[in-house]
file protein-v2.cif (mmCIF, C-alpha atoms and all ligand atoms)
data_data
loop_
_atom_site.label_atom_id
_atom_site.label_comp_id
_atom_site.auth_asym_id
_atom_site.auth_seq_id
_atom_site.Cartn_x
_atom_site.Cartn_y
_atom_site.Cartn_z
CA MET Z 1 -5.07 5.59 55.58
CA VAL Z 2 -4.97 3.50 52.44
CA VAL Z 3 -1.44 2.54 51.49
CA LEU Z 4 -0.95 2.02 47.81
CA SER Z 5 1.95 -0.37 47.50
CA LYS Z 6 2.10 -0.44 43.71
CA PRO Z 7 3.84 2.49 42.09
CA GLY Z 8 1.59 4.53 39.83
CA LEU Z 9 -1.64 3.20 41.32
CA ASP Z 10 -2.37 6.58 42.85
CA GLN Z 11 -2.75 8.16 39.40
CA ILE Z 12 -5.44 5.73 38.28
CA PRO Z 13 -9.05 6.64 38.98
CA PHE Z 14 -11.26 4.45 41.12
CA ILE Z 15 -14.75 3.47 40.07
CA THR Z 16 -17.25 3.88 42.86
CA ASN Z 17 -20.54 2.79 41.24
CA HIS Z 18 -19.17 -0.67 40.65
CA LYS Z 19 -21.97 -3.16 41.38
CA LEU Z 20 -20.88 -6.38 39.72
CA THR Z 21 -24.23 -7.42 38.33
CA TYR Z 22 -23.81 -9.85 35.48
CA PHE Z 23 -26.09 -9.07 32.61
CA SER Z 24 -27.96 -12.00 31.16
CA GLY Z 25 -29.65 -9.96 28.42
CA ILE Z 26 -26.81 -9.69 25.92
CA PRO Z 27 -28.21 -10.45 22.46
CA THR Z 28 -26.48 -13.51 21.06
CA ILE Z 29 -26.43 -13.85 17.31
CA ASP Z 30 -25.81 -17.19 15.66
CA LEU Z 31 -23.92 -16.34 12.49
CA SER Z 32 -24.59 -19.75 10.99
CA LYS Z 33 -28.28 -18.83 10.73
CA PRO Z 34 -28.91 -16.98 7.47
CA ASP Z 35 -31.68 -14.67 8.66
CA SER Z 36 -29.92 -12.94 11.54
CA GLY Z 37 -30.03 -9.45 9.96
CA GLU Z 38 -33.12 -8.29 11.80
CA LEU Z 39 -31.85 -9.58 15.15
CA LEU Z 40 -28.59 -7.72 14.56
CA VAL Z 41 -30.46 -4.50 13.80
CA GLU Z 42 -32.53 -4.91 16.97
CA ALA Z 43 -29.38 -5.42 19.06
CA CYS Z 44 -27.71 -2.32 17.56
CA GLU Z 45 -30.81 -0.23 18.27
CA GLU Z 46 -31.43 -1.50 21.78
CA LEU Z 47 -27.93 -1.84 23.19
CA GLY Z 48 -25.27 -1.09 20.56
CA PHE Z 49 -23.70 -4.34 21.65
CA PHE Z 50 -24.06 -8.06 20.97
CA LYS Z 51 -22.24 -11.35 21.02
CA VAL Z 52 -21.66 -13.57 18.00
CA ILE Z 53 -21.41 -17.34 18.11
CA ASN Z 54 -20.78 -19.91 15.36
CA HIS Z 55 -18.56 -17.32 13.71
CA GLY Z 56 -16.32 -19.84 12.00
CA ILE Z 57 -13.00 -18.44 13.31
CA PRO Z 58 -10.88 -21.32 14.59
CA MET Z 59 -9.98 -21.07 18.29
CA GLU Z 60 -6.40 -21.71 17.21
CA PHE Z 61 -6.18 -18.16 15.78
CA MET Z 62 -7.14 -16.64 19.12
CA ASP Z 63 -4.91 -18.99 21.13
CA LYS Z 64 -1.81 -18.38 18.98
CA LEU Z 65 -1.97 -14.61 19.13
CA GLU Z 66 -2.91 -14.57 22.80
CA ALA Z 67 0.07 -16.82 23.60
CA GLU Z 68 2.42 -14.46 21.72
CA ALA Z 69 0.95 -11.44 23.48
CA VAL Z 70 1.26 -13.09 26.90
CA LYS Z 71 4.89 -13.95 26.11
CA PHE Z 72 5.58 -10.29 25.35
CA PHE Z 73 3.69 -8.91 28.36
CA SER Z 74 5.62 -11.31 30.63
CA LEU Z 75 8.96 -9.70 29.69
CA PRO Z 76 10.70 -7.44 32.20
CA HIS Z 77 9.48 -3.82 32.01
CA PRO Z 78 12.64 -2.33 30.45
CA GLU Z 79 12.35 -4.85 27.61
CA LYS Z 80 8.74 -3.90 26.91
CA GLU Z 81 9.46 -0.19 27.13
CA LYS Z 82 11.69 -0.58 24.06
CA ALA Z 83 8.50 -1.03 22.03
CA GLY Z 84 7.04 2.20 23.39
CA PRO Z 85 5.93 4.75 24.31
CA ALA Z 86 2.64 4.47 22.42
CA ASN Z 87 2.20 7.75 20.57
CA PRO Z 88 -0.46 6.54 19.99
CA PHE Z 89 0.91 3.33 18.36
CA GLY Z 90 3.31 0.87 19.97
CA TYR Z 91 3.55 -0.36 23.57
CA GLY Z 92 1.67 1.62 26.17
CA ASN Z 93 1.67 1.25 29.92
CA LYS Z 94 -1.03 2.90 32.08
CA ARG Z 95 -1.24 5.96 29.80
CA ILE Z 96 -4.14 5.79 27.36
CA GLY Z 97 -4.39 8.22 24.45
CA LEU Z 98 -2.77 11.63 24.41
CA SER Z 99 -4.90 13.55 26.90
CA GLY Z 100 -3.78 12.16 30.25
CA ASP Z 101 -6.11 9.18 30.72
CA MET Z 102 -4.69 6.43 32.93
CA GLY Z 103 -5.73 2.85 33.57
CA TRP Z 104 -4.45 -0.34 35.17
CA ILE Z 105 -3.42 -1.67 31.78
CA GLU Z 106 -0.60 -2.28 29.36
CA TYR Z 107 -1.23 -2.70 25.66
CA LEU Z 108 -0.01 -2.89 22.09
CA LEU Z 109 -1.72 -0.62 19.60
CA MET Z 110 -1.17 -0.80 15.85
CA GLN Z 111 -2.80 -0.05 12.54
CA THR Z 112 -4.11 -3.08 10.70
CA ASN Z 113 -2.01 -2.59 7.56
CA ALA Z 114 0.90 -4.96 6.88
CA LYS Z 115 3.53 -2.27 7.53
CA SER Z 116 2.25 -1.36 10.98
CA VAL Z 117 1.83 -5.01 12.02
CA SER Z 118 5.40 -5.68 10.85
CA GLN Z 119 6.77 -2.67 12.72
CA THR Z 120 5.05 -3.80 15.91
CA SER Z 121 6.40 -7.34 15.45
CA TRP Z 122 9.95 -5.98 15.11
CA ALA Z 123 9.50 -3.69 18.06
CA ILE Z 124 8.39 -6.47 20.38
CA SER Z 125 10.72 -9.22 19.20
CA ARG Z 126 13.88 -8.49 17.30
CA GLU Z 127 15.00 -12.13 17.45
CA ASN Z 128 11.90 -13.67 15.96
CA PRO Z 129 9.33 -11.13 14.76
CA GLU Z 130 7.78 -13.61 12.33
CA ILE Z 131 5.79 -15.60 14.93
CA PHE Z 132 3.90 -12.54 16.19
CA ARG Z 133 3.57 -11.06 12.70
CA SER Z 134 1.98 -14.15 11.24
CA ALA Z 135 -0.33 -14.76 14.23
CA ALA Z 136 -1.47 -11.10 14.19
CA THR Z 137 -1.94 -11.07 10.40
CA ASP Z 138 -4.09 -14.23 10.48
CA TYR Z 139 -6.12 -12.98 13.39
CA ILE Z 140 -6.69 -9.50 11.96
CA SER Z 141 -7.78 -10.82 8.56
CA ALA Z 142 -10.21 -13.26 10.23
CA VAL Z 143 -11.84 -10.60 12.44
CA LYS Z 144 -11.94 -8.11 9.59
CA LYS Z 145 -13.86 -10.70 7.56
CA LEU Z 146 -16.18 -11.25 10.52
CA ALA Z 147 -16.78 -7.49 10.85
CA THR Z 148 -17.56 -7.12 7.14
CA GLU Z 149 -19.96 -10.09 7.26
CA VAL Z 150 -21.76 -8.55 10.21
CA LEU Z 151 -21.98 -5.21 8.35
CA GLU Z 152 -23.43 -6.96 5.30
CA MET Z 153 -26.02 -8.75 7.43
CA LEU Z 154 -26.85 -5.42 9.04
CA ALA Z 155 -27.38 -3.80 5.64
CA GLU Z 156 -29.74 -6.66 4.81
CA GLY Z 157 -31.57 -6.26 8.12
CA LEU Z 158 -31.87 -2.51 7.49
CA LYS Z 159 -33.10 -3.26 3.96
CA ILE Z 160 -30.59 -0.94 2.32
CA GLN Z 161 -28.74 -1.44 -0.95
CA PRO Z 162 -26.14 -2.35 -1.99
CA ARG Z 163 -25.40 -5.08 0.53
CA ASN Z 164 -21.79 -3.88 0.86
CA ILE Z 165 -22.66 -0.22 1.49
CA LEU Z 166 -21.20 -0.43 5.02
CA SER Z 167 -18.67 -3.24 4.63
CA GLU Z 168 -16.85 -1.53 1.74
CA LEU Z 169 -15.73 1.17 4.19
CA LEU Z 170 -13.66 -1.44 6.04
CA LYS Z 171 -12.57 -3.28 2.89
CA ASP Z 172 -11.01 -0.10 1.45
CA GLU Z 173 -7.23 -0.62 1.01
CA GLU Z 174 -6.69 2.63 2.88
CA SER Z 175 -9.09 1.85 5.71
CA ASP Z 176 -7.82 3.40 8.94
CA SER Z 177 -8.75 0.40 11.10
CA VAL Z 178 -6.71 -0.24 14.24
CA PHE Z 179 -5.96 -3.25 16.40
CA ARG Z 180 -5.12 -3.38 20.06
CA ILE Z 181 -4.11 -6.09 22.48
CA ASN Z 182 -4.75 -5.20 26.10
CA HIS Z 183 -3.26 -6.81 29.17
CA TYR Z 184 -4.88 -5.99 32.50
CA PRO Z 185 -2.54 -7.41 35.15
CA PRO Z 186 -4.16 -8.59 38.39
CA CYS Z 187 -4.16 -5.88 41.04
CA PRO Z 188 -4.25 -7.60 44.46
CA ASP Z 189 -4.22 -4.25 46.32
CA ILE Z 190 -7.80 -3.48 45.29
CA GLN Z 191 -9.20 -6.43 47.23
CA SER Z 192 -9.04 -4.39 50.42
CA PHE Z 193 -10.79 -1.35 48.91
CA ARG Z 194 -14.53 -0.88 48.74
CA CYS Z 195 -14.40 0.37 45.18
CA ASN Z 196 -12.83 -0.77 41.96
CA LEU Z 197 -9.82 0.36 40.03
CA THR Z 198 -10.14 1.51 36.41
CA GLY Z 199 -8.64 -0.85 33.86
CA PHE Z 200 -9.87 1.15 30.87
CA GLY Z 201 -12.06 4.16 31.60
CA GLU Z 202 -15.58 4.56 30.21
CA HIS Z 203 -15.78 5.65 26.59
CA THR Z 204 -17.41 4.99 23.26
CA ASP Z 205 -15.38 3.80 20.28
CA PRO Z 206 -14.98 6.44 17.54
CA GLN Z 207 -14.95 3.93 14.65
CA ILE Z 208 -17.78 2.10 12.84
CA ILE Z 209 -17.70 -1.26 14.55
CA SER Z 210 -15.36 -3.00 17.01
CA VAL Z 211 -14.87 -6.74 17.42
CA LEU Z 212 -13.63 -7.79 20.85
CA ARG Z 213 -12.41 -11.12 22.11
CA SER Z 214 -11.03 -11.74 25.58
CA ASN Z 215 -9.78 -14.59 27.70
CA ASN Z 216 -12.03 -15.88 30.47
CA THR Z 217 -11.35 -13.05 32.92
CA SER Z 218 -14.26 -10.74 33.63
CA GLY Z 219 -14.07 -6.95 33.97
CA PHE Z 220 -15.75 -5.69 30.81
CA GLN Z 221 -18.86 -3.62 31.47
CA ILE Z 222 -21.38 -1.82 29.31
CA SER Z 223 -23.71 1.00 30.15
CA LEU Z 224 -27.43 0.41 29.59
CA LYS Z 225 -29.90 3.02 28.32
CA ASP Z 226 -30.78 4.06 31.89
CA GLY Z 227 -27.09 4.78 32.59
CA SER Z 228 -26.56 1.75 34.85
CA TRP Z 229 -23.44 -0.38 34.41
CA VAL Z 230 -23.58 -4.15 33.97
CA SER Z 231 -20.82 -6.73 33.72
CA VAL Z 232 -20.56 -8.83 30.60
CA PRO Z 233 -19.86 -12.50 31.38
CA SER Z 234 -16.62 -13.37 29.58
CA ASP Z 235 -16.68 -15.99 26.84
CA GLN Z 236 -13.37 -16.79 25.22
CA SER Z 237 -14.82 -18.67 22.28
CA SER Z 238 -17.16 -15.87 21.15
CA PHE Z 239 -16.74 -12.34 19.84
CA PHE Z 240 -18.44 -9.25 21.15
CA VAL Z 241 -19.41 -6.52 18.72
CA ILE Z 242 -19.49 -2.87 19.78
CA VAL Z 243 -21.30 -0.17 17.78
CA GLY Z 244 -19.01 2.86 17.33
CA ASP Z 245 -19.74 6.59 17.01
CA SER Z 246 -19.37 6.56 13.20
CA MET Z 247 -22.05 3.90 12.92
CA GLN Z 248 -24.32 6.03 15.10
CA VAL Z 249 -23.86 8.85 12.58
CA LEU Z 250 -24.29 6.61 9.51
CA THR Z 251 -27.64 5.48 10.90
CA ASN Z 252 -28.62 9.00 12.04
CA GLY Z 253 -28.77 7.89 15.67
CA ARG Z 254 -30.82 4.75 15.05
CA PHE Z 255 -27.91 2.61 16.27
CA LYS Z 256 -26.28 3.69 19.52
CA SER Z 257 -22.55 3.65 20.21
CA VAL Z 258 -22.35 1.86 23.53
CA ARG Z 259 -20.40 3.23 26.50
CA HIS Z 260 -18.11 0.60 27.94
CA ARG Z 261 -15.24 0.26 30.39
CA VAL Z 262 -13.03 -2.35 32.04
CA LEU Z 263 -12.51 -2.86 35.77
CA ALA Z 264 -9.23 -4.21 37.09
CA ASN Z 265 -9.38 -7.73 38.50
CA SER Z 266 -7.74 -8.52 41.83
CA LYS Z 267 -6.80 -12.11 40.99
CA LYS Z 268 -6.62 -12.86 37.30
CA SER Z 269 -4.95 -11.37 34.27
CA ARG Z 270 -7.29 -10.22 31.51
CA VAL Z 271 -6.16 -10.24 27.88
CA SER Z 272 -8.37 -8.76 25.19
CA MET Z 273 -7.85 -8.22 21.49
CA ILE Z 274 -9.96 -5.67 19.65
CA TYR Z 275 -10.29 -4.84 15.98
CA PHE Z 276 -11.64 -1.32 15.40
CA GLY Z 277 -13.14 -1.16 11.91
CA ALA Z 278 -12.75 2.34 10.47
CA PRO Z 279 -13.16 3.99 7.06
CA ALA Z 280 -10.31 5.59 5.09
CA LEU Z 281 -9.13 8.98 6.38
CA ARG Z 282 -10.62 10.73 3.30
CA GLU Z 283 -14.07 9.12 3.73
CA LYS Z 284 -17.03 11.37 4.43
CA ILE Z 285 -19.31 10.29 7.25
CA ALA Z 286 -22.96 11.35 7.26
CA PRO Z 287 -26.30 9.58 7.69
CA LEU Z 288 -26.92 7.19 4.78
CA PRO Z 289 -29.60 8.76 2.55
CA SER Z 290 -31.24 5.35 2.09
CA LEU Z 291 -31.86 5.17 5.84
CA MET Z 292 -33.47 8.57 6.17
CA GLY Z 293 -37.24 8.61 6.45
CA GLU Z 294 -39.26 11.19 4.55
CA GLY Z 295 -38.61 14.64 5.98
CA GLU Z 296 -36.14 13.21 8.51
CA GLU Z 297 -33.42 15.72 9.40
CA SER Z 298 -29.80 14.74 9.79
CA LEU Z 299 -28.75 14.93 13.44
CA TYR Z 300 -25.10 15.40 12.50
CA ARG Z 301 -23.13 17.57 10.14
CA GLU Z 302 -21.05 15.71 7.57
CA PHE Z 303 -17.39 15.21 8.47
CA LYS Z 304 -14.38 13.41 7.13
CA TRP Z 305 -13.15 10.49 9.21
CA CYS Z 306 -9.73 12.21 9.59
CA GLU Z 307 -11.50 15.22 11.13
CA TYR Z 308 -13.29 13.00 13.68
CA LYS Z 309 -10.10 11.16 14.45
CA VAL Z 310 -8.10 14.33 15.10
CA SER Z 311 -10.87 15.65 17.32
CA SER Z 312 -11.06 12.30 19.18
CA TYR Z 313 -7.38 12.37 20.02
CA LYS Z 314 -7.79 15.81 21.58
CA SER Z 315 -10.55 14.49 23.85
CA LYS Z 316 -10.53 12.59 27.13
CA LEU Z 317 -11.87 9.02 27.18
CA VAL Z 318 -15.05 9.95 29.04
CA ASP Z 319 -16.01 12.80 26.66
CA ASN Z 320 -18.99 12.66 24.35
CA ARG Z 321 -17.06 13.06 21.08
CA LEU Z 322 -20.15 13.19 18.87
CA ARG Z 323 -21.48 16.31 20.56
CA LEU Z 324 -19.16 18.55 18.51
CA PHE Z 325 -20.68 17.17 15.33
CA GLU Z 326 -24.33 17.40 16.29
CA LYS Z 327 -26.40 19.86 14.30
C1 LIG N 1 -11.04 4.19 22.07
C2 LIG N 1 -11.08 3.04 21.05
C3 LIG N 1 -9.68 2.54 20.67
O1 LIG N 1 -9.14 1.77 21.74
C4 LIG N 1 -8.72 3.71 20.35
C5 LIG N 1 -8.62 4.54 21.62
C6 LIG N 1 -7.64 5.72 21.60
C7 LIG N 1 -6.29 5.31 22.22
O2 LIG N 1 -6.26 4.51 23.13
O3 LIG N 1 -5.27 5.86 21.78
C8 LIG N 1 -8.38 6.88 22.33
C9 LIG N 1 -9.83 6.37 22.57
C10 LIG N 1 -9.97 5.19 21.63
C11 LIG N 1 -10.91 7.45 22.31
C12 LIG N 1 -10.51 8.91 22.58
C13 LIG N 1 -8.99 9.15 22.50
C14 LIG N 1 -8.38 8.17 21.52
C15 LIG N 1 -7.77 7.34 23.64
C16 LIG N 1 -8.38 8.69 23.79
C17 LIG N 1 -8.41 9.36 24.94
C18 LIG N 1 -7.40 3.20 19.79
C19 LIG N 1 -9.41 4.71 19.47
O4 LIG N 1 -9.35 4.79 18.27
O5 LIG N 1 -10.12 5.60 20.25
#
call {"tool": "encode", "arguments": {"input": "protein-v2.cif", "output": "structure tokens"}}
result
Amino acid sequence: MVVLSKPGLDQIPFITNHKLTYFSGIPTIDLSKPDSGELLVEACEELGFFKVINHGIPMEFMDKLEAEAVKFFSLPHPEKEKAGPANPFGYGNKRIGLSGDMGWIEYLLMQTNAKSVSQTSWAISRENPEIFRSAATDYISAVKKLATEVLEMLAEGLKIQPRNILSELLKDEESDSVFRINHYPPCPDIQSFRCNLTGFGEHTDPQIISVLRSNNTSGFQISLKDGSWVSVPSDQSSFFVIVGDSMQVLTNGRFKSVRHRVLANSKKSRVSMIYFGAPALREKIAPLPSLMGEGEESLYREFKWCEYKVSSYKSKLVDNRLRLFEK
């Protein structure tokens, strides 16, 4: 009999098809090269996932925020619980979303606006909220800029006008973008099992584009077209970009939102920070007319982002959320 010594471990699903094959085919885009648009388009069509290097964001931004996050996650549990429960924003522990998903994870989830970042900073440190607030604000504005640059290069690669047709969705003052910092504590118990424990269960991101950065602990996996899972070698100085469901709709299925998940690590702590670039709640999402070929039919019915969001929160992580909006 397997004895689970950690409380709560029994509620977290195991992953059985967990071959740890590292994938060497991740498209790497050098943002300092001006003509990367077409390579970006290719990566979004083939995989819905790529890595960006020479992005211009100083390592100091990542280090500062990660250090603050680690400080918070190292606090005793009762202290951290004061900043929770995530509903969906705030501190969350093992429970993901509102539909009963569980993972070997704790996290901070917030909106990217100044008010939400401030509230989170107060919730996690009443004595000195300013250090976290300023590190998170700097980091979020840097990754938001990176996301909008990538979207502008994509518009160029797709040969659609104006250049900011996609990026303006994120630049909107009322953009519903969110930010999360995940901490996957090491789980020594899993070493003795033949399968892996779920850190964050498989899912696609509902938003337009997500920008992920993690420390040097592996665990992140993506699903390839044939349904197989591959591990993404970690790289703490680069960013990984994930195509979300809304981008799949905007491109009428030309870009694919990539399924991804995180496996718990038996030895090392994993810390990741993800910016989820979303439109404003009132924004209508439908395939961009300029991307539709002659006679091409829309695969999705038009919806408002708030409608998709509400429907997403009713779903389980693993669900195909776009199915409800297919024509
Ligand atoms: C996945 C992407 C983001 O992390 C997130 C997640 C959200 C949550 O953790 O609260 C969701 C998940 C994510 C998709 C379906 C719903 C909502 C958990 C869940 C079961 C913050 C988001 O926007 O959607």
call {"tool": "atom_distance", "arguments": {"input": "protein-v2.cif", "atom1": "CA of His55 (chain Z)", "atom2": "CA of Ser214 (chain Z)"}}
result
15.1 Å
call {"tool": "atom_distance", "arguments": {"input": "protein-v2.cif", "atom1": "CA of Lys256 (chain Z)", "atom2": "CA of Ser141 (chain Z)"}}
result
25.9 Å
call {"tool": "residues_around", "arguments": {"input": "protein-v2.cif", "residues": "Pro279 (chain Z)", "least_positions_apart": "6", "cutoff": "6 Å", "atoms": "all atoms listed in the file", "output": "VMD selection string"}}
result
chain Z and resid 169 to 170 175 to 176
call {"tool": "closest_atom_pairs", "arguments": {"input": "protein-v2.cif", "of": "chain Z", "to": "ligand LIG 1 (chain N)", "cutoff": "9 Å", "atoms": "all atoms listed in the file", "output": "CSV"}}
result
residue,atom,partner,partner_atom,distance
Z:Ala86,CA,N:LIG1,O3,8.1
Z:Asn87,CA,N:LIG1,O3,7.8
Z:Pro88,CA,N:LIG1,O3,5.2
Z:Phe89,CA,N:LIG1,O3,7.5
Z:Gly92,CA,N:LIG1,O2,9.0
Z:Arg95,CA,N:LIG1,O2,8.5
Z:Ile96,CA,N:LIG1,O2,4.9
Z:Gly97,CA,N:LIG1,C15,3.6
Z:Leu98,CA,N:LIG1,C17,6.1
Z:Ser99,CA,N:LIG1,C17,5.8
Z:Gly100,CA,N:LIG1,C17,7.6
Z:Asp101,CA,N:LIG1,C17,6.2
Z:Leu109,CA,N:LIG1,C18,6.8
Z:Met110,CA,N:LIG1,C18,8.4
Z:Ser177,CA,N:LIG1,O4,8.4
Z:Val178,CA,N:LIG1,C18,6.6
Z:Phe179,CA,N:LIG1,C18,7.4
Z:Arg180,CA,N:LIG1,O1,6.7
Z:His203,CA,N:LIG1,C1,6.7
Z:Thr204,CA,N:LIG1,C1,6.5
Z:Asp205,CA,N:LIG1,C2,4.4
Z:Pro206,CA,N:LIG1,O5,5.6
Z:Gln207,CA,N:LIG1,O4,6.7
Z:Ser210,CA,N:LIG1,C2,8.4
Z:Gly244,CA,N:LIG1,C2,8.8
Z:Ile274,CA,N:LIG1,O1,7.8
Z:Tyr275,CA,N:LIG1,C3,8.8
Z:Phe276,CA,N:LIG1,C3,6.8
Z:Ala278,CA,N:LIG1,O4,8.9
Z:Lys309,CA,N:LIG1,O4,7.5
Z:Val310,CA,N:LIG1,C14,8.9
Z:Ser311,CA,N:LIG1,C13,8.5
Z:Ser312,CA,N:LIG1,C12,4.8
Z:Tyr313,CA,N:LIG1,C13,4.4
Z:Lys314,CA,N:LIG1,C13,6.8
Z:Ser315,CA,N:LIG1,C17,5.7
Z:Lys316,CA,N:LIG1,C17,4.4
Z:Leu317,CA,N:LIG1,C17,4.1
Z:Val318,CA,N:LIG1,C17,7.8
Z:Asp319,CA,N:LIG1,C12,7.9
Z:Arg321,CA,N:LIG1,C12,7.9
call {"tool": "residues_near_point", "arguments": {"input": "protein-v2.cif", "point": "(-8.1, -6.6, 33.1)", "cutoff": "12 Å", "atoms": "only C-alpha atoms", "output": "PyMOL selection string"}}
result
chain Z and resi 94+103-107+181-187+196-201+214-221+234+261-273
call {"tool": "atom_distance", "arguments": {"input": "protein-v2.cif", "atom1": "CA of Leu75 (chain Z)", "atom2": "CA of Glu130 (chain Z)"}}
result
17.8 Å
call {"tool": "residues_around", "arguments": {"input": "protein-v2.cif", "residues": "region 71-73 of chain Z", "least_positions_apart": "4", "cutoff": "9 Å", "atoms": "only C-alpha atoms", "output": "PyMOL selection string"}}
result
chain Z and resi 66-67+77+79-80+106-107+124-125+183
call {"tool": "closest_residue", "arguments": {"input": "protein-v2.cif", "among": "Z:Leu65, Z:Glu152, Z:Thr21, Z:Gln191", "to": "Gly37 (chain Z)", "atoms": "all atoms listed in the file"}}
result
Z:Glu152
call {"tool": "closest_residue", "arguments": {"input": "protein-v2.cif", "among": "Z:Ile140, Z:Ile208, Z:Leu324, Z:Leu20", "to": "Cys195 (chain Z)", "atoms": "all atoms listed in the file"}}
result
Z:Leu20
call {"tool": "residues_around", "arguments": {"input": "protein-v2.cif", "residues": "Glu296 (chain Z)", "least_positions_apart": "4", "cutoff": "12 Å", "atoms": "all atoms listed in the file", "output": "list in words"}}
result
Thr251, Asn252, Gly253, Arg254, Pro287, Leu288, Pro289, Ser290, Leu291, Met292 and Tyr300 of chain Z
call {"tool": "closest_residue", "arguments": {"input": "protein-v2.cif", "among": "Z:Val249, Z:Ala142, Z:Val41, Z:Ile285", "to": "Met62 (chain Z)", "atoms": "all atoms listed in the file"}}
result
Z:Ala142
call {"tool": "closest_residue", "arguments": {"input": "protein-v2.cif", "among": "Z:Phe325, Z:Pro188, Z:Arg126, Z:Val241", "to": "Lys144 (chain Z)", "atoms": "all atoms listed in the file"}}
result
Z:Val241
call {"tool": "closest_residue", "arguments": {"input": "protein-v2.cif", "among": "Z:Ile242, Z:Ile131, Z:Ala280, Z:Met247", "to": "Leu166 (chain Z)", "atoms": "all atoms listed in the file"}}
result
Z:Met247
call {"tool": "closest_residue", "arguments": {"input": "protein-v2.cif", "among": "Z:Ala114, Z:Phe132, Z:Glu174, Z:Val243", "to": "Ala147 (chain Z)", "atoms": "all atoms listed in the file"}}
result
Z:Val243
call {"tool": "residues_around", "arguments": {"input": "protein-v2.cif", "residues": "Pro58 (chain Z)", "least_positions_apart": "4", "cutoff": "12 Å", "atoms": "all atoms listed in the file", "output": "list in words"}}
result
Ile53, Asn54, Met62, Asp63, Lys64, Asp138, Tyr139, Ala142, Val143, Gln236, Ser237, Ser238 and Phe239 of chain Z
call {"tool": "decode", "arguments": {"input": "protein-v2.cif", "residues": "region 284-295 of chain Z", "atoms": "N, CA, C and O atoms", "output": "short mmCIF file (atom, residue, chain, number, x, y, z; two decimals), in the first residue's frame"}}
result
data_model
loop_
_atom_site.label_atom_id
_atom_site.label_comp_id
_atom_site.auth_asym_id
_atom_site.auth_seq_id
_atom_site.Cartn_x
_atom_site.Cartn_y
_atom_site.Cartn_z
N LYS Z 284 -15.43 42.41 -28.11
CA LYS Z 284 -15.99 41.28 -28.86
C LYS Z 284 -14.86 40.49 -29.51
O LYS Z 284 -13.95 41.07 -30.09
N ILE Z 285 -14.94 39.19 -29.40
CA ILE Z 285 -13.90 38.33 -29.98
C ILE Z 285 -14.51 37.51 -31.12
O ILE Z 285 -15.50 36.81 -30.93
N ALA Z 286 -13.89 37.65 -32.28
CA ALA Z 286 -14.32 36.91 -33.48
C ALA Z 286 -13.12 36.91 -34.43
O ALA Z 286 -12.21 37.74 -34.28
N PRO Z 287 -13.09 36.01 -35.40
CA PRO Z 287 -11.97 36.01 -36.34
C PRO Z 287 -11.81 37.38 -37.00
O PRO Z 287 -12.80 38.01 -37.37
N LEU Z 288 -10.56 37.83 -37.10
CA LEU Z 288 -10.29 39.14 -37.72
C LEU Z 288 -10.64 39.07 -39.20
O LEU Z 288 -10.09 38.21 -39.92
N PRO Z 289 -11.50 39.98 -39.69
CA PRO Z 289 -11.90 39.91 -41.10
C PRO Z 289 -10.69 39.93 -42.04
O PRO Z 289 -10.69 39.22 -43.05
N SER Z 290 -9.64 40.69 -41.66
CA SER Z 290 -8.48 40.79 -42.55
C SER Z 290 -7.71 39.48 -42.67
O SER Z 290 -6.83 39.33 -43.53
N LEU Z 291 -8.02 38.52 -41.79
CA LEU Z 291 -7.31 37.24 -41.85
C LEU Z 291 -8.11 36.16 -42.57
O LEU Z 291 -7.62 35.06 -42.79
N MET Z 292 -9.35 36.51 -42.90
CA MET Z 292 -10.22 35.50 -43.51
C MET Z 292 -10.00 35.44 -45.01
O MET Z 292 -10.05 36.48 -45.69
N GLY Z 293 -9.73 34.26 -45.51
CA GLY Z 293 -9.58 34.09 -46.95
C GLY Z 293 -10.93 34.23 -47.63
O GLY Z 293 -11.97 34.24 -46.96
N GLU Z 294 -10.90 34.33 -48.96
CA GLU Z 294 -12.17 34.48 -49.68
C GLU Z 294 -13.06 33.25 -49.46
O GLU Z 294 -12.59 32.11 -49.60
N GLY Z 295 -14.29 33.50 -49.05
CA GLY Z 295 -15.23 32.39 -48.84
C GLY Z 295 -14.98 31.60 -47.56
O GLY Z 295 -15.69 30.64 -47.27
#
